[in-house]
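What follows is the content of my_file.pdb, which has PDB, C-alpha atoms, pLDDT in the B column:
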ATOM      1  CA  MET A   1      63.241  57.518 108.426  1.00 48.00           C
ATOM      2  CA  PHE A   2      60.046  55.709 107.469  1.00 54.00           C
ATOM      3  CA  VAL A   3      58.062  57.419 110.229  1.00 56.00           C
ATOM      4  CA  GLY A   4      59.127  60.863 109.025  1.00 62.00           C
ATOM      5  CA  THR A   5      58.090  60.042 105.472  1.00 69.00           C
ATOM      6  CA  THR A   6      54.727  58.734 106.628  1.00 74.00           C
ATOM      7  CA  MET A   7      54.219  61.805 108.797  1.00 70.00           C
ATOM      8  CA  ASN A   8      55.024  64.141 105.894  1.00 83.00           C
ATOM      9  CA  LYS A   9      52.558  62.321 103.646  1.00 87.00           C
ATOM     10  CA  SER A  10      49.905  62.529 106.361  1.00 88.00           C
ATOM     11  CA  ILE A  11      50.490  66.256 106.788  1.00 87.00           C
ATOM     12  CA  GLU A  12      50.351  66.791 103.025  1.00 87.00           C
ATOM     13  CA  ALA A  13      47.088  64.833 102.830  1.00 90.00           C
ATOM     14  CA  PHE A  14      45.670  66.891 105.692  1.00 88.00           C
ATOM     15  CA  LEU A  15      46.692  70.118 103.951  1.00 86.00           C
ATOM     16  CA  ASP A  16      45.067  68.873 100.748  1.00 88.00           C
ATOM     17  CA  ILE A  17      41.820  68.384 102.646  1.00 88.00           C
ATOM     18  CA  LEU A  18      42.091  71.804 104.283  1.00 86.00           C
ATOM     19  CA  SER A  19      42.683  73.437 100.916  1.00 84.00           C
ATOM     20  CA  TRP A  20      38.994  72.861 100.148  1.00 87.00           C
ATOM     21  CA  THR A  21      37.960  74.942 103.164  1.00 88.00           C
ATOM     22  CA  PRO A  22      37.988  78.678 103.811  1.00 89.00           C
ATOM     23  CA  LEU A  23      41.572  78.164 105.038  1.00 86.00           C
ATOM     24  CA  VAL A  24      42.779  77.882 101.446  1.00 89.00           C
ATOM     25  CA  ARG A  25      44.573  81.248 101.571  1.00 92.00           C
ATOM     26  CA  PHE A  26      46.641  80.166 104.599  1.00 90.00           C
ATOM     27  CA  ILE A  27      47.395  76.749 103.121  1.00 89.00           C
ATOM     28  CA  ARG A  28      48.549  78.310  99.857  1.00 90.00           C
ATOM     29  CA  THR A  29      50.745  80.820 101.710  1.00 93.00           C
ATOM     30  CA  TYR A  30      52.295  78.035 103.789  1.00 90.00           C
ATOM     31  CA  ARG A  31      52.968  75.870 100.739  1.00 90.00           C
ATOM     32  CA  MET A  32      54.478  78.761  98.790  1.00 93.00           C
ATOM     33  CA  GLN A  33      56.723  79.539 101.748  1.00 95.00           C
ATOM     34  CA  GLN A  34      57.860  75.913 101.926  1.00 91.00           C
ATOM     35  CA  LEU A  35      58.500  75.862  98.181  1.00 93.00           C
ATOM     36  CA  ASN A  36      60.521  79.082  98.346  1.00 96.00           C
ATOM     37  CA  GLU A  37      62.620  77.734 101.229  1.00 95.00           C
ATOM     38  CA  ARG A  38      63.367  74.502  99.357  1.00 94.00           C
ATOM     39  CA  THR A  39      64.209  76.440  96.211  1.00 97.00           C
ATOM     40  CA  ALA A  40      66.588  78.729  98.106  1.00 97.00           C
ATOM     41  CA  LYS A  41      68.312  75.715  99.684  1.00 96.00           C
ATOM     42  CA  LEU A  42      68.723  74.029  96.305  1.00 96.00           C
ATOM     43  CA  ARG A  43      70.125  77.198  94.731  1.00 97.00           C
ATOM     44  CA  MET A  44      72.565  77.674  97.595  1.00 97.00           C
ATOM     45  CA  SER A  45      73.645  74.049  97.328  1.00 97.00           C
ATOM     46  CA  LYS A  46      74.305  74.466  93.603  1.00 97.00           C
ATOM     47  CA  LYS A  47      76.304  77.640  94.224  1.00 97.00           C
ATOM     48  CA  ILE A  48      78.392  75.915  96.881  1.00 97.00           C
ATOM     49  CA  ASP A  49      79.029  72.985  94.544  1.00 97.00           C
ATOM     50  CA  SER A  50      80.067  75.406  91.822  1.00 96.00           C
ATOM     51  CA  VAL A  51      82.526  77.166  94.122  1.00 95.00           C
ATOM     52  CA  PHE A  52      84.039  73.849  95.220  1.00 92.00           C
ATOM     53  CA  GLU A  53      84.363  72.727  91.614  1.00 94.00           C
ATOM     54  CA  ARG A  54      86.165  75.952  90.705  1.00 93.00           C
ATOM     55  CA  ILE A  55      88.495  75.593  93.687  1.00 89.00           C
ATOM     56  CA  LEU A  56      89.305  72.037  92.694  1.00 89.00           C
ATOM     57  CA  ARG A  57      89.794  72.984  89.047  1.00 90.00           C
ATOM     58  CA  TYR A  58      92.093  75.955  89.621  1.00 89.00           C
ATOM     59  CA  HIS A  59      93.828  75.011  92.855  1.00 88.00           C
ATOM     60  CA  SER A  60      93.965  71.216  92.932  1.00 83.00           C
ATOM     61  CA  ASP A  61      97.762  71.339  92.939  1.00 84.00           C
ATOM     62  CA  LEU A  62      97.664  73.211  96.262  1.00 82.00           C
ATOM     63  CA  LEU A  63      95.227  70.768  97.830  1.00 72.00           C
ATOM     64  CA  SER A  64      97.262  67.625  97.308  1.00 66.00           C
TER      65      SER A  64
END

Rendering of file as structure tokens:
Amino acid sequence: MFVGTTMNKSIEAFLDILSWTPLVRFIRTYRMQQLNERTAKLRMSKKIDSVFERILRYHSDLLS
């Protein structure tokens, strides 16, 4: 777990350095893509939680 965190921080630091080069357009595109993927995952997770909550609220008698 610690190695993965360290690796992610190293990659982020490397991307920060590269963002001051002519590669800035590619770095920005990559980061926006990563942000959009994380956002989509979070939204899907919230939707799933909402569906489960509704199932539990309306059909808890059937689940026990």

- Note on the structure: note - CA of Met32 in chain A and CA of Thr6 in chain A are separated by 21.5 Å

Translate the PyMOL selection byres ((chain A and resi 15) around 12) into a concrete residue list for this structure, as a compact mmCIF listing (two decimals) with C-alpha atoms, keeping the file's coordinate frame.
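What follows is the written file part_1.txt:
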# COMPACT_ATOMS: atom_id res chain seq x y z
CA ASN A 8 55.02 64.14 105.89
CA LYS A 9 52.56 62.32 103.65
CA SER A 10 49.90 62.53 106.36
CA ILE A 11 50.49 66.26 106.79
CA GLU A 12 50.35 66.79 103.02
CA ALA A 13 47.09 64.83 102.83
CA PHE A 14 45.67 66.89 105.69
CA ASP A 16 45.07 68.87 100.75
CA ILE A 17 41.82 68.38 102.65
CA LEU A 18 42.09 71.80 104.28
CA SER A 19 42.68 73.44 100.92
CA TRP A 20 38.99 72.86 100.15
CA THR A 21 37.96 74.94 103.16
CA LEU A 23 41.57 78.16 105.04
CA VAL A 24 42.78 77.88 101.45
CA ARG A 25 44.57 81.25 101.57
CA PHE A 26 46.64 80.17 104.60
CA ILE A 27 47.40 76.75 103.12
CA ARG A 28 48.55 78.31 99.86
CA THR A 29 50.74 80.82 101.71
CA TYR A 30 52.30 78.04 103.79
CA ARG A 31 52.97 75.87 100.74

- Query: What separation in Å, quoted to one decimal, exists between CA of Arg43 in chain A and CA of Ile55 in chain A?
  - Reply: 18.5 Å

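One finds CA of Asp49 in chain A at 19.9 Å from CA of Asn36 in chain A.
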
Output range 24-51 of chain A as a compact mmCIF listing (two decimals), keeping the file's coordinate frame, making sure N, CA and C atoms are there.
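Heads up, here's the output in rebuild15.txt:
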# COMPACT_ATOMS: atom_id res chain seq x y z
N VAL A 24 41.98 78.06 102.65
CA VAL A 24 42.78 77.88 101.45
C VAL A 24 43.87 78.95 101.32
N ARG A 25 43.58 80.18 101.69
CA ARG A 25 44.57 81.25 101.57
C ARG A 25 45.79 80.96 102.46
N PHE A 26 45.54 80.47 103.68
CA PHE A 26 46.64 80.17 104.60
C PHE A 26 47.44 78.95 104.14
N ILE A 27 46.74 77.96 103.61
CA ILE A 27 47.40 76.75 103.12
C ILE A 27 48.29 77.10 101.93
N ARG A 28 47.76 77.91 101.03
CA ARG A 28 48.55 78.31 99.86
C ARG A 28 49.78 79.11 100.27
N THR A 29 49.62 80.03 101.22
CA THR A 29 50.74 80.82 101.71
C THR A 29 51.80 79.92 102.33
N TYR A 30 51.37 78.97 103.15
CA TYR A 30 52.30 78.04 103.79
C TYR A 30 53.05 77.22 102.75
N ARG A 31 52.32 76.69 101.77
CA ARG A 31 52.97 75.87 100.74
C ARG A 31 53.93 76.68 99.88
N MET A 32 53.58 77.91 99.56
CA MET A 32 54.48 78.76 98.79
C MET A 32 55.74 79.07 99.59
N GLN A 33 55.57 79.29 100.89
CA GLN A 33 56.72 79.54 101.75
C GLN A 33 57.64 78.32 101.78
N GLN A 34 57.06 77.14 101.92
CA GLN A 34 57.86 75.91 101.93
C GLN A 34 58.59 75.73 100.60
N LEU A 35 57.90 75.99 99.51
CA LEU A 35 58.50 75.86 98.18
C LEU A 35 59.65 76.85 98.01
N ASN A 36 59.46 78.08 98.45
CA ASN A 36 60.52 79.08 98.35
C ASN A 36 61.73 78.72 99.19
N GLU A 37 61.50 78.16 100.38
CA GLU A 37 62.62 77.73 101.23
C GLU A 37 63.41 76.60 100.58
N ARG A 38 62.68 75.62 100.03
CA ARG A 38 63.37 74.50 99.36
C ARG A 38 64.14 75.00 98.14
N THR A 39 63.55 75.90 97.39
CA THR A 39 64.21 76.44 96.21
C THR A 39 65.48 77.19 96.60
N ALA A 40 65.41 77.99 97.65
CA ALA A 40 66.59 78.73 98.11
C ALA A 40 67.68 77.76 98.55
N LYS A 41 67.32 76.70 99.25
CA LYS A 41 68.31 75.72 99.68
C LYS A 41 68.97 75.03 98.49
N LEU A 42 68.17 74.68 97.50
CA LEU A 42 68.72 74.03 96.30
C LEU A 42 69.66 74.97 95.55
N ARG A 43 69.26 76.23 95.42
CA ARG A 43 70.12 77.20 94.73
C ARG A 43 71.43 77.39 95.47
N MET A 44 71.36 77.50 96.80
CA MET A 44 72.56 77.67 97.60
C MET A 44 73.46 76.45 97.47
N SER A 45 72.87 75.28 97.48
CA SER A 45 73.64 74.05 97.33
C SER A 45 74.36 74.02 95.98
N LYS A 46 73.68 74.43 94.92
CA LYS A 46 74.31 74.47 93.60
C LYS A 46 75.44 75.49 93.55
N LYS A 47 75.24 76.63 94.19
CA LYS A 47 76.30 77.64 94.22
C LYS A 47 77.53 77.13 94.97
N ILE A 48 77.29 76.47 96.10
CA ILE A 48 78.39 75.92 96.88
C ILE A 48 79.14 74.87 96.07
N ASP A 49 78.40 73.99 95.40
CA ASP A 49 79.03 72.98 94.54
C ASP A 49 79.86 73.63 93.45
N SER A 50 79.34 74.69 92.88
CA SER A 50 80.07 75.41 91.82
C SER A 50 81.37 76.00 92.35
N VAL A 51 81.32 76.59 93.53
CA VAL A 51 82.53 77.17 94.12
C VAL A 51 83.55 76.07 94.39
